[in-house]
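Novice: For reference, the structure I am asking about is given below.
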Amino acid sequence: MTTSAEPVRPGPLAARPVVHPSAPAAPRLLRLPGVYRPQEDTALLTAAIGDLAIPSGARALDLCTGTGAQAITLARRGAATVLAVDLSRRALVSARLNALVRQVAVRPCQGGLTRALEEGPFDIVVANPPYVPSPAPAIRSTRGWDAGPDGRAVLDPLCAAAGSLLRPGGTLLLVQSAMSDVDKSRELLAARGLRTSVARRARIPFGPVLSGRTEFLEAAGLIEPGRRWEELVVLRADR
Ligand SMILES: C[S@@+](CC[C@H](N)C(=O)[O-])C[C@H]1O[C@@H](n2cnc3c(N)ncnc32)[C@H](O)[C@@H]1O
């Protein structure tokens, strides 16, 4: 939900009909201070993982793992190995604790895309990266969601590298806001030979972060004047 006083990542602008009009409830997980609180995008990506056929022996990657929600789901769904990557040490401790409590095997790994590429390729890659358009560059306290003026600071390199992260036959699930240009993600993925589709969508009201930057979003043309909701999109890309 986006009612907490704690900063919550903003949501989309798409005016298109939504497939899933509301997001599923966010999972409850242990979380050290400063680690991204599981919310609608967490739940939407987790639900999309539930729709995947996980091949036996699959190597899986949860990039930008946070509390490890998706990594745990991948392990529960039968992935043979799950690598959970995040820049934040506190996130990795949280993910490790959450996996331990649930008695699933998840390997935490500090780093970003470069580290993931070194560890790859994978059969399944899932990512809930920072994607919120922000007037200023991300700082440590906003690194969980802020992603530069167009929201694509992490999305662009991730989409460009997706083909190398995946084994032939592999699948990527990526959640982002419609404000951060879903078409550009699809173009970048398609340019690497991946077949893209929309796995899930949900429309959610603005939380505190987006509500605090509506002037910027409107001036940048990222939302229509007066719009106070966003659309989340889970993209699927198959190699
Ligand atoms: C939106 S949160 C998602 C957390 C979790 N997967 C979820 O769905 O709740 C994004 C996470 O990515 C991490 N992060 C930010 N930039 C990153 C990067 N370039 N590489 C890896 N992790 C990054 C942040 O520390 C944060 O934990």
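Convention: chains lettered A, B, ... in structure tokens order; per-chain residue numbering from 1; ligands numbered from 1 as shown.
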Find the residues near Ala91 (chain A): any atom within 7 Å, counting only C-alpha atoms, skip ones fewer than 2 places away on the same chain, and give them as number ranges by chain.

Specialist: A: 35, 66-67, 86, 88-89, 93-95

Novice: Around ligand 1, which protein and nucleic acid residues have at least one atom no more than 9 Å from it, if we count only C-alpha atoms and all ligand atoms? List them as a count of residues only.

Specialist: 59

Novice: Just asking: which residues within region 109-215 of chain A are helix (DSSP H, G or I) according to DSSP, as number ranges by chain?

Specialist: A: 113-119, 140-142, 155-165, 178-180, 182-191, 208-211, 214-215

Novice: When you look at region 176-189 of chain A with a cut-off of 10 Å (counting only C-alpha atoms), what residues show up, excluding the ones that are within fewer than 2 positions of it in the same chain? I need them as a VMD selection string.

Specialist: chain A and resid 9 to 15 41 45 127 to 133 147 to 153 155 to 163 172 174 191 to 198 201 to 203 217 221 to 223 230 to 239

Novice: Which one of A:Arg77, A:Trp229, A:Ile72, A:Phe216 sits closest to Val104 (chain A) if you count only C-alpha atoms?

Specialist: A:Ile72

Novice: What is the CA of Thr171 (chain A)-CA of Ala48 (chain A) distance in Å, reported with one decimal?

Specialist: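 Separation of CA of Thr171 (chain A) and CA of Ala48 (chain A): 11.8 Å.
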
Novice: Hey, what does DSSP flag as strand (DSSP E) within region 21-120 of chain A? Can you give it to me as a list in words?

Specialist: Arg59, Ala60, Leu61, Asp62, Leu63, Thr81, Val82, Leu83, Ala84, Val85, Asp86, Arg107, Pro108, Cys109 and Gln110 of chain A

Novice: Since we have the selection now, will you write its residues out, keeping N, CA and C atoms, as an mmCIF file, in the first residue's frame?

Specialist:
```
data_model
loop_
_atom_site.group_PDB
_atom_site.id
_atom_site.type_symbol
_atom_site.label_atom_id
_atom_site.label_comp_id
_atom_site.auth_asym_id
_atom_site.auth_seq_id
_atom_site.Cartn_x
_atom_site.Cartn_y
_atom_site.Cartn_z
ATOM 1 N N ARG A 59 18.821 -22.268 -12.847
ATOM 2 C CA ARG A 59 19.627 -21.269 -12.132
ATOM 3 C C ARG A 59 18.863 -19.959 -12.206
ATOM 4 N N ALA A 60 18.605 -19.358 -11.042
ATOM 5 C CA ALA A 60 17.795 -18.135 -11.014
ATOM 6 C C ALA A 60 18.565 -16.987 -10.388
ATOM 7 N N LEU A 61 18.237 -15.784 -10.844
ATOM 8 C CA LEU A 61 18.834 -14.551 -10.319
ATOM 9 C C LEU A 61 17.725 -13.597 -9.913
ATOM 10 N N ASP A 62 17.823 -13.069 -8.698
ATOM 11 C CA ASP A 62 16.971 -11.953 -8.276
ATOM 12 C C ASP A 62 17.874 -10.738 -8.160
ATOM 13 N N LEU A 63 17.815 -9.869 -9.172
ATOM 14 C CA LEU A 63 18.654 -8.673 -9.181
ATOM 15 C C LEU A 63 17.896 -7.549 -8.477
ATOM 16 N N THR A 81 19.144 -23.204 -7.932
ATOM 17 C CA THR A 81 19.981 -22.229 -7.231
ATOM 18 C C THR A 81 19.378 -20.851 -7.425
ATOM 19 N N VAL A 82 19.480 -20.027 -6.382
ATOM 20 C CA VAL A 82 18.954 -18.654 -6.465
ATOM 21 C C VAL A 82 20.030 -17.701 -5.958
ATOM 22 N N LEU A 83 20.456 -16.810 -6.824
ATOM 23 C CA LEU A 83 21.417 -15.776 -6.452
ATOM 24 C C LEU A 83 20.637 -14.484 -6.204
ATOM 25 N N ALA A 84 20.861 -13.871 -5.048
ATOM 26 C CA ALA A 84 20.165 -12.631 -4.680
ATOM 27 C C ALA A 84 21.186 -11.508 -4.648
ATOM 28 N N VAL A 85 21.096 -10.584 -5.594
ATOM 29 C CA VAL A 85 22.111 -9.538 -5.750
ATOM 30 C C VAL A 85 21.536 -8.181 -5.365
ATOM 31 N N ASP A 86 22.305 -7.409 -4.619
ATOM 32 C CA ASP A 86 21.905 -6.040 -4.260
ATOM 33 C C ASP A 86 23.160 -5.257 -3.913
ATOM 34 N N ARG A 107 21.425 -17.520 -2.195
ATOM 35 C CA ARG A 107 22.809 -17.054 -2.005
ATOM 36 C C ARG A 107 22.876 -15.542 -2.192
ATOM 37 N N PRO A 108 23.100 -14.782 -1.099
ATOM 38 C CA PRO A 108 23.205 -13.328 -1.226
ATOM 39 C C PRO A 108 24.546 -12.933 -1.830
ATOM 40 N N CYS A 109 24.546 -11.877 -2.590
ATOM 41 C CA CYS A 109 25.767 -11.469 -3.288
ATOM 42 C C CYS A 109 25.741 -9.955 -3.452
ATOM 43 N N GLN A 110 26.756 -9.273 -2.912
ATOM 44 C CA GLN A 110 26.751 -7.813 -3.007
ATOM 45 C C GLN A 110 27.282 -7.359 -4.356
#
```

Novice: Tell me, in Å to one decimal, how far CA of Ser164 (chain A) is from CA of Gly120 (chain A).

Specialist: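 Here the two named atoms are 7.9 Å from each other.
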
Novice: Work out how far apart CA of Ile124 (chain A) and CA of Gln103 (chain A) are and give it in Å to one decimal.

Specialist: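 Separating CA of Ile124 (chain A) from CA of Gln103 (chain A) is a distance of 20.8 Å.
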